[in-house]
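Shown next: upload-v4.txt, given as compact mmCIF, C-alpha atoms and all ligand atoms.
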# COMPACT_ATOMS: atom_id res chain seq x y z
CA MET A 1 0.00 0.00 0.00
CA LYS A 2 1.28 3.50 -0.88
CA ASP A 3 1.98 5.75 2.14
CA GLY A 4 -0.89 8.17 1.45
CA LYS A 5 -3.39 5.35 1.11
CA ALA A 6 -2.04 3.59 4.20
CA ILE A 7 -2.41 6.78 6.26
CA LEU A 8 -6.04 7.23 5.15
CA HIS A 9 -6.75 3.59 5.96
CA ALA A 10 -5.15 3.90 9.41
CA ALA A 11 -7.06 7.14 10.13
CA GLU A 12 -10.33 5.43 9.17
CA ILE A 13 -9.56 2.64 11.67
CA ILE A 14 -8.81 5.18 14.44
CA ARG A 15 -12.07 7.03 13.69
CA ARG A 16 -14.00 3.75 13.93
CA GLY A 17 -12.49 3.01 17.37
CA GLY A 18 -9.70 0.67 16.28
CA VAL A 19 -6.06 0.38 17.30
CA VAL A 20 -3.18 1.23 14.95
CA ALA A 21 0.61 1.07 15.36
CA PHE A 22 2.29 4.12 13.84
CA PRO A 23 5.80 5.53 13.49
CA THR A 24 7.06 8.54 15.41
CA GLU A 25 10.59 9.95 15.38
CA THR A 26 11.24 8.35 18.80
CA VAL A 27 9.64 4.87 18.79
CA TYR A 28 6.51 3.27 17.30
CA GLY A 29 3.28 4.04 19.14
CA LEU A 30 0.09 2.01 19.59
CA GLY A 31 -2.65 4.54 18.99
CA ALA A 32 -6.37 4.99 19.57
CA ASN A 33 -8.78 7.95 19.57
CA ALA A 34 -7.99 9.70 22.88
CA PHE A 35 -11.66 10.62 23.30
CA ASN A 36 -12.92 7.03 22.92
CA PRO A 37 -12.49 5.17 26.25
CA LEU A 38 -13.31 1.76 24.74
CA ALA A 39 -10.70 2.14 22.02
CA VAL A 40 -8.14 3.25 24.62
CA ALA A 41 -9.05 0.22 26.77
CA ARG A 42 -8.05 -1.99 23.84
CA VAL A 43 -4.62 -0.38 23.80
CA PHE A 44 -4.13 -1.32 27.47
CA GLU A 45 -5.38 -4.88 26.84
CA THR A 46 -3.18 -5.39 23.79
CA LYS A 47 -0.05 -4.31 25.66
CA ARG A 48 -1.10 -6.03 28.87
CA ARG A 49 -0.35 -2.67 30.44
CA PRO A 50 -1.66 -1.97 33.96
CA TYR A 51 -4.46 0.61 34.03
CA PHE A 52 -2.56 2.72 36.56
CA ASP A 53 0.02 3.67 33.91
CA PRO A 54 -1.26 6.70 31.92
CA LEU A 55 -0.79 7.31 28.18
CA ILE A 56 0.63 10.23 26.21
CA VAL A 57 -1.86 12.16 24.07
CA HIS A 58 -0.43 13.01 20.64
CA VAL A 59 -1.51 16.17 18.81
CA ALA A 60 -0.71 17.57 15.35
CA ASN A 61 -0.91 21.23 16.26
CA PRO A 62 0.52 23.09 19.30
CA ALA A 63 -2.76 25.05 19.61
CA ASP A 64 -4.57 21.79 20.47
CA VAL A 65 -2.93 21.83 23.89
CA GLU A 66 -5.34 24.54 24.92
CA LYS A 67 -8.24 22.12 24.43
CA LEU A 68 -6.60 19.41 26.55
CA ALA A 69 -4.94 21.35 29.38
CA LYS A 70 -6.45 23.75 31.92
CA GLN A 71 -3.47 26.06 31.90
CA ILE A 72 -0.11 26.24 30.19
CA PRO A 73 2.62 27.73 32.39
CA SER A 74 4.95 30.10 30.52
CA ASN A 75 7.90 27.71 30.83
CA ALA A 76 5.84 24.94 29.25
CA LYS A 77 4.96 27.34 26.42
CA LYS A 78 8.63 28.11 25.89
CA LEU A 79 9.53 24.42 25.62
CA ILE A 80 6.64 23.75 23.26
CA GLU A 81 7.70 26.64 21.03
CA ARG A 82 11.28 25.46 20.94
CA PHE A 83 10.94 21.67 20.70
CA TRP A 84 7.62 20.87 18.98
CA PRO A 85 7.18 19.02 16.80
CA GLY A 86 9.72 16.72 18.42
CA PRO A 87 10.67 14.29 21.19
CA LEU A 88 9.33 16.32 24.13
CA THR A 89 6.26 15.49 26.26
CA VAL A 90 4.80 18.01 28.71
CA VAL A 91 2.62 17.03 31.68
CA LEU A 92 -0.07 19.63 32.43
CA LEU A 93 -3.26 19.92 34.49
CA LYS A 94 -5.89 18.18 32.41
CA GLU A 95 -9.15 19.49 30.98
CA GLU A 96 -12.32 17.54 31.97
CA ASN A 97 -12.95 16.23 28.44
CA ILE A 98 -10.10 13.69 28.55
CA PRO A 99 -11.35 10.26 29.63
CA ASP A 100 -9.93 9.02 32.95
CA ILE A 101 -8.65 5.83 31.36
CA VAL A 102 -6.13 7.89 29.34
CA THR A 103 -4.65 9.59 32.41
CA ALA A 104 -5.14 6.69 34.85
CA GLY A 105 -7.36 8.95 36.91
CA LEU A 106 -4.60 11.54 37.43
CA PRO A 107 -5.46 15.26 37.40
CA THR A 108 -2.74 15.71 34.76
CA VAL A 109 -2.28 14.76 31.12
CA ALA A 110 0.91 14.09 29.14
CA ILE A 111 0.89 15.72 25.69
CA ARG A 112 3.29 15.61 22.78
CA MET A 113 3.44 16.67 19.13
CA PRO A 114 5.63 14.18 17.24
CA SER A 115 7.66 15.29 14.21
CA HIS A 116 7.39 12.17 12.04
CA PRO A 117 5.39 13.26 8.97
CA MET A 118 3.31 10.04 8.97
CA ALA A 119 2.37 10.52 12.63
CA LEU A 120 1.32 14.11 11.97
CA ALA A 121 -0.69 13.12 8.88
CA LEU A 122 -2.37 10.29 10.78
CA ILE A 123 -3.47 12.57 13.64
CA LYS A 124 -4.77 15.19 11.21
CA LYS A 125 -6.71 12.68 9.10
CA SER A 126 -8.12 10.98 12.21
CA LYS A 127 -9.46 14.38 13.30
CA CYS A 128 -8.79 13.57 16.97
CA PRO A 129 -5.83 13.49 19.33
CA ILE A 130 -4.29 10.02 19.52
CA ALA A 131 -3.53 8.39 22.88
CA ALA A 132 -0.55 6.10 22.44
CA PRO A 133 2.03 4.26 24.50
CA SER A 134 5.03 2.64 22.85
CA ALA A 135 3.88 -0.34 20.74
CA ASN A 136 5.50 -3.13 22.79
CA PRO A 137 4.17 -5.67 25.28
CA PHE A 138 4.33 -4.07 28.75
CA GLY A 139 7.82 -4.14 30.24
CA TYR A 140 9.66 -4.99 27.00
CA LEU A 141 11.86 -2.76 24.81
CA SER A 142 10.12 -0.15 22.67
CA PRO A 143 9.92 -0.92 18.94
CA THR A 144 11.93 1.23 16.53
CA THR A 145 10.84 -0.50 13.31
CA ALA A 146 7.49 -1.73 11.98
CA GLU A 147 9.00 -5.23 11.97
CA HIS A 148 9.54 -5.05 15.77
CA VAL A 149 5.84 -4.28 16.18
CA ARG A 150 4.79 -7.05 13.79
CA GLU A 151 6.85 -9.66 15.65
CA GLN A 152 5.29 -8.96 19.03
CA LEU A 153 1.81 -7.51 18.50
CA GLY A 154 1.13 -8.06 14.80
CA ASP A 155 -1.79 -10.44 15.18
CA GLN A 156 -3.53 -8.37 17.84
CA ILE A 157 -3.82 -4.96 16.22
CA ASP A 158 -5.85 -3.64 13.31
CA PHE A 159 -3.05 -2.12 11.25
CA ILE A 160 0.65 -1.21 11.28
CA LEU A 161 1.67 1.97 9.50
CA ASP A 162 5.25 1.46 8.30
CA GLY A 163 7.37 4.61 8.37
CA GLY A 164 10.80 3.00 8.41
CA PRO A 165 13.25 2.98 11.33
CA CYS A 166 12.80 5.69 13.98
CA LEU A 167 15.47 8.39 13.73
CA VAL A 168 15.77 9.29 17.44
CA GLY A 169 15.38 5.75 18.77
CA VAL A 170 14.66 6.51 22.44
CA GLU A 171 11.36 7.79 23.81
CA SER A 172 10.46 11.43 24.34
CA THR A 173 11.75 13.47 27.26
CA ILE A 174 8.94 14.03 29.79
CA VAL A 175 8.80 17.30 31.74
CA SER A 176 6.04 17.78 34.30
CA PHE A 177 4.52 21.16 35.11
CA SER A 178 2.05 19.74 37.63
CA THR A 179 4.07 21.13 40.53
CA ARG A 180 5.44 24.63 40.99
CA LYS A 181 8.88 23.73 39.71
CA PRO A 182 9.28 21.90 36.39
CA ARG A 183 10.45 18.34 36.84
CA LEU A 184 12.14 15.90 34.47
CA LEU A 185 10.22 12.62 34.76
CA ARG A 186 12.02 10.71 31.99
CA PRO A 187 15.21 11.59 30.09
CA GLY A 188 14.69 11.16 26.34
CA GLY A 189 15.19 12.53 22.86
CA VAL A 190 15.62 16.17 23.95
CA SER A 191 18.56 16.48 26.33
CA LEU A 192 18.31 17.96 29.83
CA GLU A 193 20.98 20.48 28.81
CA GLU A 194 18.81 21.71 25.92
CA ILE A 195 15.77 22.03 28.18
CA GLN A 196 17.66 23.88 30.90
CA SER A 197 19.12 26.26 28.30
CA ILE A 198 15.53 27.43 27.64
CA ILE A 199 13.86 27.43 31.08
CA GLY A 200 16.70 27.23 33.59
CA LYS A 201 17.00 24.67 36.35
CA VAL A 202 14.73 21.63 36.18
CA GLU A 203 14.37 19.16 39.04
CA VAL A 204 15.31 15.61 38.13
CA SER A 205 13.48 12.53 39.38
CA SER A 206 15.79 9.74 40.36
CA ALA A 207 15.84 7.03 37.70
CA MET A 208 15.40 4.35 40.31
CA GLU A 209 12.73 5.99 42.44
CA SER A 210 11.04 3.18 44.33
CA ARG A 211 7.68 4.91 44.40
CA PRO A 212 7.47 6.54 40.99
CA SER A 213 5.37 9.64 40.37
CA ALA A 214 4.86 8.41 36.83
CA PRO A 215 3.81 4.79 37.22
CA GLY A 216 5.64 3.95 34.02
CA MET A 217 8.89 4.97 35.63
CA LEU A 218 9.09 1.53 37.20
CA ALA A 219 12.72 0.74 37.83
CA ARG A 220 12.67 -2.53 35.93
CA HIS A 221 11.41 -1.75 32.46
CA TYR A 222 12.58 -2.10 28.88
CA ALA A 223 13.75 -5.57 29.86
CA PRO A 224 14.92 -8.08 27.26
CA ARG A 225 14.65 -11.81 28.06
CA THR A 226 18.43 -12.14 28.30
CA PRO A 227 19.93 -10.66 31.49
CA ILE A 228 21.86 -7.44 30.90
CA MET A 229 24.68 -6.28 33.14
CA LEU A 230 26.37 -2.93 33.11
CA ASP A 231 30.09 -2.45 33.25
CA LEU A 232 31.52 -5.85 33.98
CA GLY A 233 35.29 -6.08 34.42
CA GLU A 234 37.31 -8.88 32.81
CA LYS A 235 37.76 -10.38 36.27
CA ASP A 236 34.05 -10.83 36.78
CA LEU A 237 33.71 -12.36 33.33
CA SER A 238 35.85 -15.33 34.36
CA SER A 239 32.87 -16.80 36.23
CA TYR A 240 31.05 -16.83 32.89
CA LYS A 241 33.77 -18.79 31.09
CA ASN A 242 31.62 -21.43 29.49
CA ARG A 243 28.63 -19.24 28.90
CA LYS A 244 27.57 -17.34 25.80
CA ILE A 245 28.07 -13.64 26.39
CA GLY A 246 27.06 -10.79 24.09
CA PHE A 247 28.49 -7.28 24.25
CA LEU A 248 26.60 -4.04 23.79
CA LEU A 249 29.42 -1.60 23.10
CA PHE A 250 29.19 2.17 22.85
CA ARG A 251 32.01 2.57 20.32
CA GLU A 252 34.34 0.50 18.12
CA PRO A 253 36.43 -1.77 20.39
CA LYS A 254 40.18 -2.35 20.13
CA LYS A 255 41.26 -4.83 17.45
CA SER A 256 42.29 -7.27 20.18
CA PHE A 257 38.73 -7.48 21.54
CA LYS A 258 37.56 -10.56 19.67
CA LYS A 259 34.14 -11.79 20.72
CA GLU A 260 31.48 -13.56 18.73
CA HIS A 261 28.45 -11.48 19.71
CA ILE A 262 29.12 -7.77 19.57
CA GLU A 263 26.82 -4.84 18.83
CA VAL A 264 28.50 -1.45 18.42
CA LEU A 265 26.08 1.43 19.01
CA SER A 266 28.20 4.05 17.27
CA LYS A 267 31.63 3.35 15.74
CA LYS A 268 32.76 6.92 16.27
CA GLY A 269 31.13 7.25 19.70
CA ASP A 270 28.30 9.61 18.71
CA LEU A 271 25.50 9.62 21.33
CA ARG A 272 22.72 10.45 18.85
CA GLU A 273 23.70 7.58 16.61
CA ALA A 274 23.99 5.32 19.65
CA ALA A 275 20.45 6.22 20.81
CA ALA A 276 19.04 5.52 17.35
CA ASN A 277 20.61 2.04 17.36
CA LEU A 278 20.02 1.11 21.02
CA PHE A 279 16.78 -0.88 20.99
CA SER A 280 17.47 -2.68 17.69
CA ALA A 281 20.90 -3.70 18.95
CA ILE A 282 19.52 -5.09 22.22
CA ARG A 283 16.82 -6.94 20.31
CA ARG A 284 19.41 -8.60 18.05
CA LEU A 285 21.46 -9.69 21.08
CA ASP A 286 18.28 -10.86 22.80
CA ALA A 287 17.50 -13.07 19.77
CA SER A 288 20.98 -14.71 19.85
CA HIS A 289 20.26 -17.18 22.66
CA LEU A 290 22.91 -15.75 24.97
CA ASP A 291 23.34 -16.34 28.70
CA LEU A 292 24.23 -12.73 29.38
CA ILE A 293 24.53 -9.33 27.73
CA VAL A 294 27.25 -7.04 29.05
CA ALA A 295 26.68 -3.35 28.33
CA GLU A 296 29.42 -0.74 28.16
CA PRO A 297 28.40 2.50 29.90
CA VAL A 298 28.10 5.64 27.75
CA PRO A 299 28.91 9.18 28.93
CA GLU A 300 25.94 10.60 30.84
CA VAL A 301 25.58 13.84 28.94
CA GLY A 302 23.10 14.81 26.23
CA LEU A 303 21.33 11.74 24.86
CA GLY A 304 23.66 9.60 26.98
CA ARG A 305 21.36 10.22 29.93
CA ALA A 306 18.42 8.58 28.14
CA ILE A 307 20.59 5.69 26.94
CA MET A 308 21.96 4.95 30.43
CA ASP A 309 18.46 5.27 31.92
CA ARG A 310 17.15 2.57 29.54
CA ILE A 311 20.15 0.25 30.07
CA ARG A 312 19.91 0.62 33.87
CA ARG A 313 16.23 -0.23 33.87
CA ALA A 314 16.80 -3.19 31.56
CA SER A 315 19.53 -4.43 33.87
CA LYS A 316 18.03 -3.56 37.25
CA HIS A 317 17.04 -7.04 38.24
CA ILE A 318 20.22 -8.84 37.23
CA ASN A 319 22.52 -6.24 38.80
CA GLU A 320 20.68 -6.57 42.11
CA ASP A 321 20.90 -10.35 41.96
CA TYR A 322 24.59 -10.10 41.16
CA ALA A 323 25.27 -7.76 44.07
CA ASN A 324 23.43 -10.21 46.32
CA GLY A 325 25.48 -13.14 45.04
CA ARG A 326 22.58 -14.82 43.26
CA VAL A 327 24.12 -14.93 39.79
O1 LIG A 401 8.39 8.94 22.61
C1 LIG A 401 7.41 8.63 23.27
O2 LIG A 401 7.07 9.25 24.29
C2 LIG A 401 6.60 7.41 22.81
C3 LIG A 401 5.95 7.74 21.44
C4 LIG A 401 5.02 6.66 20.98
O3 LIG A 401 5.29 8.96 21.55
N1 LIG A 401 5.60 7.06 23.78
C5 LIG A 401 5.90 6.47 24.95
O4 LIG A 401 4.80 6.15 25.71
O5 LIG A 401 7.03 6.23 25.31
P1 LIG A 401 4.85 5.18 26.98
O6 LIG A 401 3.45 4.98 27.35
O7 LIG A 401 5.64 3.98 26.66
O8 LIG A 401 5.54 6.06 28.07
C6 LIG A 401 4.85 7.18 28.57
C7 LIG A 401 5.29 7.52 29.93
C8 LIG A 401 4.93 6.47 30.96
O9 LIG A 401 6.04 6.29 31.79
C9 LIG A 401 3.77 7.12 31.74
O10 LIG A 401 3.72 6.68 33.07
C10 LIG A 401 4.14 8.59 31.62
O11 LIG A 401 4.62 8.73 30.33
N2 LIG A 401 2.95 9.45 31.78
C11 LIG A 401 1.87 9.51 30.99
N3 LIG A 401 0.95 10.38 31.48
C12 LIG A 401 1.48 10.89 32.60
C13 LIG A 401 1.04 11.85 33.57
N4 LIG A 401 -0.16 12.43 33.48
N5 LIG A 401 1.86 12.13 34.60
C14 LIG A 401 3.08 11.55 34.69
N6 LIG A 401 3.55 10.64 33.83
C15 LIG A 401 2.77 10.30 32.79
MG MG A 402 6.73 2.39 26.83
Just give me the structure as structure tokens.
Amino acid sequence: MKDGKAILHAAEIIRRGGVVAFPTETVYGLGANAFNPLAVARVFETKRRPYFDPLIVHVANPADVEKLAKQIPSNAKKLIERFWPGPLTVVLLKEENIPDIVTAGLPTVAIRMPSHPMALALIKKSKCPIAAPSANPFGYLSPTTAEHVREQLGDQIDFILDGGPCLVGVESTIVSFSTRKPRLLRPGGVSLEEIQSIIGKVEVSSAMESRPSAPGMLARHYAPRTPIMLDLGEKDLSSYKNRKIGFLLFREPKKSFKKEHIEVLSKKGDLREAAANLFSAIRRLDASHLDLIVAEPVPEVGLGRAIMDRIRRASKHINEDYANGRV
């Protein structure tokens, strides 16, 4: 199907209350009409996502925020002006018209305007905002290609709009304006440095908060089936001598580093390129029947913050077990 036709078809499904996977510049989303609670319920069922975890509402025009949020603080306006369309989500006090199922009963709503042309066209043709989480089963890595979606949810959804691989590769940055001071809830495609250059200091939620303010900030998330460990020294590796180990490397390793299963996120050590490759690389390692994936840390600046956040969450469980001598 040609792109234009596919978009019209997908929009028709959304209007009729169906569920469609669609590309954004960050990751693929699983979308439904944000004003149709039954359609949104199907999104939760398909993902097996707990109802306490709210969804992001996607719009195609910054002016639509006024219809969804009670008020837009000036700092939120500044971020919207600077970063939309793009990988930034703002959390604002919600307007009554948004169904509770979308926001998990919270008084706030998360809103974002994606920049992928197919996402924008889909929202416009659907004539409604689209509520969408990432298009993966709950707790697994987000999909960055249509193929990833097909493999895991293909038989359960009405349509997959294929827009090629996602250019950013990690989810949007979430900034909440529900309290007096803006707060970073999730590092993502827009760096903290960029955000602070526009609105000054932003409070940062700890990545491993035990009682998350955003339910989806659960510490163990994005988890592949294969255990991932961060930063393992050669010494530690000796206990894995006869096991199959894969390596998720930030940059090109030394010639002497000869291992069978290696994924290099960015040969030249570019954080943007690394983010774009992250989830696909972990998926390939996860499909290689390994006993363990060892991840090399990346510098925690710019997009590196989002990358390390995702790797830490994916590895949370195994690192705890390791520290407690259970591995
Ligand atoms: O890049 C993205 O943000 C992608 C694409 C599809 O737009 N979407 C995405 O959605 O990552 P999801 O559902 O996988 O992650 C959304 C996060 C969750 O952690 C959720 O808890 C949080 O946003 N969230 C949603 N509404 C919220 C609210 N009202 N207050 C605080 N956190 C909220
Ligand atoms: Mg997700």
Give one line per residue of chain A that approaches ligand MG 402 (chain A) to at most 7 Å, naming the two atoms of the closest pair and their distance in Å to one decimal, counting all atoms listed in the file; sort by chain then ascending residue number and deliver it as JSON lines.
{"residue": "A:Pro133", "atom": "CA", "partner": "A:MG402", "partner_atom": "MG", "distance": 5.6}
{"residue": "A:Ser134", "atom": "CA", "partner": "A:MG402", "partner_atom": "MG", "distance": 4.3}
{"residue": "A:Asn136", "atom": "CA", "partner": "A:MG402", "partner_atom": "MG", "distance": 7.0}
{"residue": "A:Ser142", "atom": "CA", "partner": "A:MG402", "partner_atom": "MG", "distance": 5.9}
- Query: Excluding same-chain residues fewer than 6 positions from stretch 13-25 of chain A, what lies within 7 Å of it counting all atoms listed in the file, as a list in words?
  - Reply: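 Close residues of stretch 13-25 of chain A: Gly31, Ala32, Asn33, Asn36, Ala39, Val43, Pro114, Ser115, His116, Met118, Ala119, Ser126, Ala135, Ile157, Asp158, Phe159, Ile160, Leu161, Asp162, Gly163, Cys166, Leu167 and Val168 of chain A.
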- Message: Between A:Leu38, A:Ala276, A:Val65, A:Val170, which residue has the minimum interatomic distance to ligand LIG 401 (chain A), considering all atoms listed in the file?
- Response: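 Closest residue, counting all atoms listed in the file: A:Val170.
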- Please give me, as a PyMOL selection string, the residues lying within 8 Å of ligand LIG 401 (chain A) when counting only C-alpha atoms and all ligand atoms. chain A and resi 23-30+53-56+58+87-89+91-92+102-104+106-112+114+132-135+142+170-174+176+185-186+188-189+213-218
- Selection near A:Ile282, 9 Å with all atoms listed in the file, sequence-local residues under 2 positions removed, as a ChimeraX atom specification: /A:141,224,248,263,277-280,284-287,293
Would you save the residues from that selection as a PDB file, in the frame of the given file, using C-alpha atoms?
ATOM      1  CA  LEU A 141      11.860  -2.760  24.810  1.00  0.00           C
ATOM      2  CA  PRO A 224      14.920  -8.080  27.260  1.00  0.00           C
ATOM      3  CA  LEU A 248      26.600  -4.040  23.790  1.00  0.00           C
ATOM      4  CA  GLU A 263      26.820  -4.840  18.830  1.00  0.00           C
ATOM      5  CA  ASN A 277      20.610   2.040  17.360  1.00  0.00           C
ATOM      6  CA  LEU A 278      20.020   1.110  21.020  1.00  0.00           C
ATOM      7  CA  PHE A 279      16.780  -0.880  20.990  1.00  0.00           C
ATOM      8  CA  SER A 280      17.470  -2.680  17.690  1.00  0.00           C
ATOM      9  CA  ARG A 284      19.410  -8.600  18.050  1.00  0.00           C
ATOM     10  CA  LEU A 285      21.460  -9.690  21.080  1.00  0.00           C
ATOM     11  CA  ASP A 286      18.280 -10.860  22.800  1.00  0.00           C
ATOM     12  CA  ALA A 287      17.500 -13.070  19.770  1.00  0.00           C
ATOM     13  CA  ILE A 293      24.530  -9.330  27.730  1.00  0.00           C
TER      14      ILE A 293
END
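For the atom pair formed by atom CA of A:Ser191 and atom CA of A:Leu68, the distance is 25.3 Å, given to one decimal.
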- Taking only C-alpha atoms into account, which of A:Val59, A:Ile72, A:Ala306, A:Leu292 comes nearest A:Met113? A:Val59
- Message: Between A:Gly139, A:Pro62, A:Pro99, A:Pro85, which residue has the minimum interatomic distance to A:Pro37, considering all atoms listed in the file?
- Response: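 Among the listed residues, A:Pro99 lies closest to A:Pro37.
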- Name the closest residue to A:Phe138 among the candidates A:Leu265, A:Ala275, A:Leu153, A:Ile307; distances are taken between atoms, counting all atoms listed in the file. A:Leu153
- Query: What does the distance from atom CA of A:Lys201 to atom CA of A:Ala314 come to in Å, to one decimal?
  - Reply: 28.3 Å
- Do you know which residues are at most 8 Å from A:Gln152 counting all atoms listed in the file, after dropping those on the same chain fewer than 2 positions away, and could you put them as a PyMOL selection string? chain A and resi 136-137+148-150+154
- Note on the structure: Computed gap from atom CA of A:Arg310 to atom CA of A:Arg49 is 18.3 Å
- Query: Contacts of A:Glu96 at 9 Å or less, counting all atoms listed in the file, minus same-chain residues fewer than 4 places along, as a list in words?
  - Reply: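 Listing them by chain and then by number gives Leu68, Ala69, Lys70 and Asp100 of chain A.
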- Message: So, with all atoms listed in the file as the atoms that count, which of A:Arg305, A:Lys94, A:Lys124, A:Arg283 lies closest to A:Phe177?
- Response: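 Once distances to A:Phe177 are computed over all atoms listed in the file, the minimum belongs to A:Lys94.
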- Identify which of the residues A:Glu81, A:Asp291, A:Glu252, A:Glu300 lies closest to A:Ile195, counting all atoms listed in the file when measuring atom-to-atom distances. A:Glu81
